[in-house]
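**Student:** Take this structure, written in structure tokens, and hold onto it; I'll ask about it next.
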Amino acid sequence: MLGKPYFDLARAIYKAHHFDDVVDLLAAKLPGLIGCDEAVVVGISPVLGVCSISNHGPIAKRLRERTATINDLASEHPIWKRVDFNNPGDLGFTMSDHMSLEEYRSSRYVQEVFGDMAAEDVLFGLMVAGPPRRAYLSLYLSKGTFSGRARERFDALLLMLRGVLDRIESANVESKVRQRLFMTRADSSLAIFILKNGEVVPLNHAAVQFAERWWAADEPVRTLEKEVDARIHRELADAWENPVTAVWKDIYFDLGGGEMKFHALPKLSGEVLLMVPALGSEEPEDLVVGILTKRQREIMDWIAEGKTSAEAAIILGISPRTVEKHLEAVFQRLGVENRIAAVRRYLDLKRGL
């Protein structure tokens, strides 16, 4: 059974509002709950490598002192050679699951990173999984191996931690967006876009106006050059305060109207929120105009008449694939999943409902 100490810790973690609060609870409670010498949370960036080590114990201190060595020898980590750390599964795993103590301690990585502080067993778990940040919870045991009960508690806690940290990340994004909106001048508005998989999608009326002015008529999204997309993500690598919360950072790139400054907020999903001031914009009288581009409204008019994508493409003189790409954008902006729902929502908006 998990026991009362486990549920007391789980309850405290569930109430946490900040990543550091969660780490402090883990550092204080896990040694007694799981039976280990120290709990350490390691944050990793695909750009920076190991970029954060949380806790204040002797092992955490050693890891911070040798962060450069850890990054240099990452490919020689004895367990990383046998486990896909990017996708290790939902549950934890131990060093002793995959190799003998002698093999572990004799590896170059362990000798140069831990030296005489090398543990006899280590229990690992993936706490945070996202393209821009990953975080691992590692428990170190100086003598012996982890028991079945210890691993059961660890696995249960790991699953709960992921849900709590997802909530903290979502709350941070909401708070940062609200803060940015409050900072906007009364006589201006913000064009809001989202960058995902190299494509920039307009999310509000001001962004649609931007796209109407600077993009081609049949360009529902702006696809960035791979070099530009990669540069943006590199520049946002240091926007993270910890493995789950990020702050706004100003970046510069050309989205069609020349190089501009965008406020960028990275998310764990790999998406990036982009905001840029749009002076003098006004809310449209027609709600549809504020959500869809002129071409998308033309397509929806024909779809509402019962035309297929192929038929709408012939009428408008564009390709069926272009129609489908526009419809994908329409579904996202209207918050629907299929054509029937899109037509219903579109007609409601045209009627002002």
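Identifiers in the structure tokens: chain A, B, ... in order shown; residue index from 1 per chain; ligand index from 1 in order shown.
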Run DSSP on the backbone of this structure and report the residues of range 5-169 of chain A it assigns to alpha helix (DSSP H), as a ChimeraX atom specification.
**Tutor:** /A:5-14,19-30,58-65,67-72,101-106,108-113,148-169
**Student:** Within 6 Å of range 241-249 of chain A, counting only C-alpha atoms, which residues qualify if same-chain residues fewer than 6 places away don't, as a ChimeraX atom specification?
**Tutor:** /A:43,133,169,263-265
**Student:** Would you mind listing what lies within 12 Å of Arg153 in chain A as a tab-separated table (two decimals) with C-alpha atoms, in the first residue's frame, with only C-alpha atoms counted and same-chain residues fewer than 5 positions away left out?
**Tutor:**
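The resulting around_31.tsv:
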```
chain	number	residue	atom	x	y	z
A	1	MET	CA	0.00	0.00	0.00
A	2	LEU	CA	1.10	3.56	-0.64
A	3	GLY	CA	0.43	4.66	2.94
A	4	LYS	CA	-0.43	7.91	4.68
A	5	PRO	CA	3.00	9.60	4.18
A	6	TYR	CA	2.58	9.20	0.43
A	7	PHE	CA	-0.89	10.75	0.41
A	9	LEU	CA	3.00	14.44	0.16
A	10	ALA	CA	0.69	13.98	-2.82
A	30	LEU	CA	11.23	11.75	-0.81
A	31	PRO	CA	14.27	10.47	1.13
A	32	GLY	CA	12.02	9.39	3.98
A	33	LEU	CA	9.13	8.26	1.80
A	34	ILE	CA	11.05	6.29	-0.85
A	35	GLY	CA	14.17	5.41	1.10
A	91	LEU	CA	7.01	4.63	-15.06
A	92	GLY	CA	10.38	4.98	-13.41
A	123	LEU	CA	15.89	5.59	-9.67
A	146	PHE	CA	15.38	0.15	-4.45
A	147	SER	CA	12.61	-2.06	-3.09
A	148	GLY	CA	9.39	-2.89	-4.90
A	158	LEU	CA	5.52	10.41	-10.97
A	159	LEU	CA	2.16	10.10	-12.69
A	160	MET	CA	0.59	12.62	-10.32
```
**Student:** Show me, as a list of chain:residue names, the residues that have an atom within 12 Å of Glu102 in chain A when counting only C-alpha atoms, minus same-chain residues fewer than 4 positions from it.
**Tutor:**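 With the cut-off at 12 Å, the set is A:Pro78, A:Met95, A:Ser96, A:His98, A:Ser106, A:Ser107, A:Val110, A:Gln111, A:Ala118, A:Ala119, A:Glu120, A:Asp121.
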**Student:** For the selection you just gave me, I'd like the residues written to a file as an mmCIF file, in the first residue's frame, keeping C-alpha atoms.
**Tutor:**
```cif
data_model
loop_
_atom_site.group_PDB
_atom_site.id
_atom_site.type_symbol
_atom_site.label_atom_id
_atom_site.label_comp_id
_atom_site.auth_asym_id
_atom_site.auth_seq_id
_atom_site.Cartn_x
_atom_site.Cartn_y
_atom_site.Cartn_z
ATOM 1 C CA PRO A 78 25.918 4.255 -19.226
ATOM 2 C CA MET A 95 20.189 1.713 -12.923
ATOM 3 C CA SER A 96 20.124 -1.814 -11.472
ATOM 4 C CA HIS A 98 19.958 -2.405 -16.845
ATOM 5 C CA SER A 106 33.474 1.765 -13.945
ATOM 6 C CA SER A 107 31.985 3.918 -16.729
ATOM 7 C CA VAL A 110 30.200 8.049 -13.507
ATOM 8 C CA GLN A 111 33.870 8.259 -12.591
ATOM 9 C CA ALA A 118 28.715 7.261 -6.983
ATOM 10 C CA ALA A 119 25.538 5.603 -5.668
ATOM 11 C CA GLU A 120 24.808 1.875 -5.698
ATOM 12 C CA ASP A 121 21.420 2.442 -7.320
#
```
**Student:** So that I can check the surroundings of range 223-239 of chain A, please list as a short mmCIF file (atom, residue, chain, number, x, y, z; two decimals) with N, CA and C atoms, in the first residue's frame every protein, DNA and RNA residue that reaches within 10 Å of it, counting only C-alpha atoms and ignoring chain neighbours fewer than 3 positions away.
**Tutor:**
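New file around_8.cif:
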```cif
data_model
loop_
_atom_site.label_atom_id
_atom_site.label_comp_id
_atom_site.auth_asym_id
_atom_site.auth_seq_id
_atom_site.Cartn_x
_atom_site.Cartn_y
_atom_site.Cartn_z
N SER A 45 17.70 21.12 -21.86
CA SER A 45 17.27 21.83 -23.05
C SER A 45 17.97 21.23 -24.26
N PRO A 46 17.27 21.07 -25.40
CA PRO A 46 17.93 20.56 -26.60
C PRO A 46 19.01 21.50 -27.11
N VAL A 47 18.93 22.77 -26.72
CA VAL A 47 19.91 23.77 -27.15
C VAL A 47 21.05 23.89 -26.16
N LEU A 48 20.72 23.94 -24.86
CA LEU A 48 21.70 24.22 -23.82
C LEU A 48 22.23 22.97 -23.12
N CYS A 51 20.62 22.31 -17.99
CA CYS A 51 20.57 23.75 -17.73
C CYS A 51 20.07 24.09 -16.33
N PRO A 132 10.88 21.84 -25.91
CA PRO A 132 11.85 22.83 -25.45
C PRO A 132 12.48 22.53 -24.09
N ARG A 133 11.85 21.69 -23.29
CA ARG A 133 12.37 21.38 -21.96
C ARG A 133 11.95 19.98 -21.54
N LEU A 195 3.09 30.01 -33.36
CA LEU A 195 4.08 29.33 -34.19
C LEU A 195 4.13 27.87 -33.78
N LYS A 196 3.88 26.99 -34.73
CA LYS A 196 3.87 25.55 -34.45
C LYS A 196 4.39 24.81 -35.67
N ASN A 197 5.40 23.98 -35.44
CA ASN A 197 5.99 23.17 -36.51
C ASN A 197 6.39 24.01 -37.72
N GLY A 198 6.92 25.20 -37.44
CA GLY A 198 7.41 26.05 -38.51
C GLY A 198 6.35 26.86 -39.22
N GLU A 199 5.09 26.78 -38.78
CA GLU A 199 4.01 27.53 -39.40
C GLU A 199 3.45 28.55 -38.42
N VAL A 200 3.22 29.78 -38.91
CA VAL A 200 2.65 30.85 -38.10
C VAL A 200 1.19 31.01 -38.47
N VAL A 201 0.31 30.89 -37.46
CA VAL A 201 -1.14 30.94 -37.68
C VAL A 201 -1.73 32.16 -36.97
N GLU A 219 -2.73 32.12 -48.77
CA GLU A 219 -1.72 31.72 -47.80
C GLU A 219 -2.36 31.71 -46.41
N PRO A 220 -3.01 30.58 -46.03
CA PRO A 220 -3.71 30.55 -44.74
C PRO A 220 -2.76 30.61 -43.55
N ASN A 242 12.39 27.83 -15.39
CA ASN A 242 12.58 26.47 -14.89
C ASN A 242 11.96 25.54 -15.94
N THR A 245 8.01 26.78 -16.58
CA THR A 245 7.51 28.14 -16.72
C THR A 245 8.51 28.99 -17.49
N ALA A 246 7.97 29.77 -18.44
CA ALA A 246 8.79 30.63 -19.27
C ALA A 246 8.32 32.08 -19.15
N VAL A 247 9.13 33.00 -19.65
CA VAL A 247 8.78 34.42 -19.65
C VAL A 247 8.81 34.93 -21.08
N TRP A 248 8.19 36.08 -21.29
CA TRP A 248 8.20 36.71 -22.61
C TRP A 248 9.63 37.12 -22.98
N LYS A 249 9.93 36.96 -24.25
CA LYS A 249 11.22 37.42 -24.77
C LYS A 249 10.99 38.07 -26.12
N ASP A 250 11.68 39.16 -26.38
CA ASP A 250 11.55 39.85 -27.66
C ASP A 250 12.47 39.20 -28.70
N ILE A 251 11.90 38.88 -29.85
CA ILE A 251 12.67 38.32 -30.95
C ILE A 251 12.34 39.11 -32.22
N TYR A 252 13.22 39.05 -33.19
CA TYR A 252 13.05 39.81 -34.42
C TYR A 252 13.08 38.86 -35.62
N PHE A 253 12.08 38.97 -36.48
CA PHE A 253 12.09 38.24 -37.75
C PHE A 253 11.05 38.84 -38.68
N ASP A 254 11.08 38.42 -39.93
CA ASP A 254 10.19 38.95 -40.96
C ASP A 254 9.01 38.02 -41.15
N LEU A 255 7.82 38.53 -40.88
CA LEU A 255 6.60 37.74 -41.07
C LEU A 255 5.82 38.24 -42.28
N ALA A 264 7.51 36.99 -27.66
CA ALA A 264 7.38 35.54 -27.83
C ALA A 264 7.35 34.83 -26.49
N LEU A 265 6.42 33.89 -26.36
CA LEU A 265 6.31 33.08 -25.14
C LEU A 265 6.29 31.61 -25.53
N PRO A 266 7.36 30.86 -25.25
CA PRO A 266 7.37 29.44 -25.61
C PRO A 266 6.52 28.60 -24.66
N GLY A 270 5.84 22.93 -27.47
CA GLY A 270 6.66 23.27 -28.61
C GLY A 270 6.11 24.46 -29.38
N GLU A 271 4.86 24.84 -29.07
CA GLU A 271 4.27 26.02 -29.69
C GLU A 271 4.87 27.30 -29.08
N VAL A 272 4.80 28.38 -29.85
CA VAL A 272 5.26 29.67 -29.37
C VAL A 272 4.17 30.69 -29.63
#
```
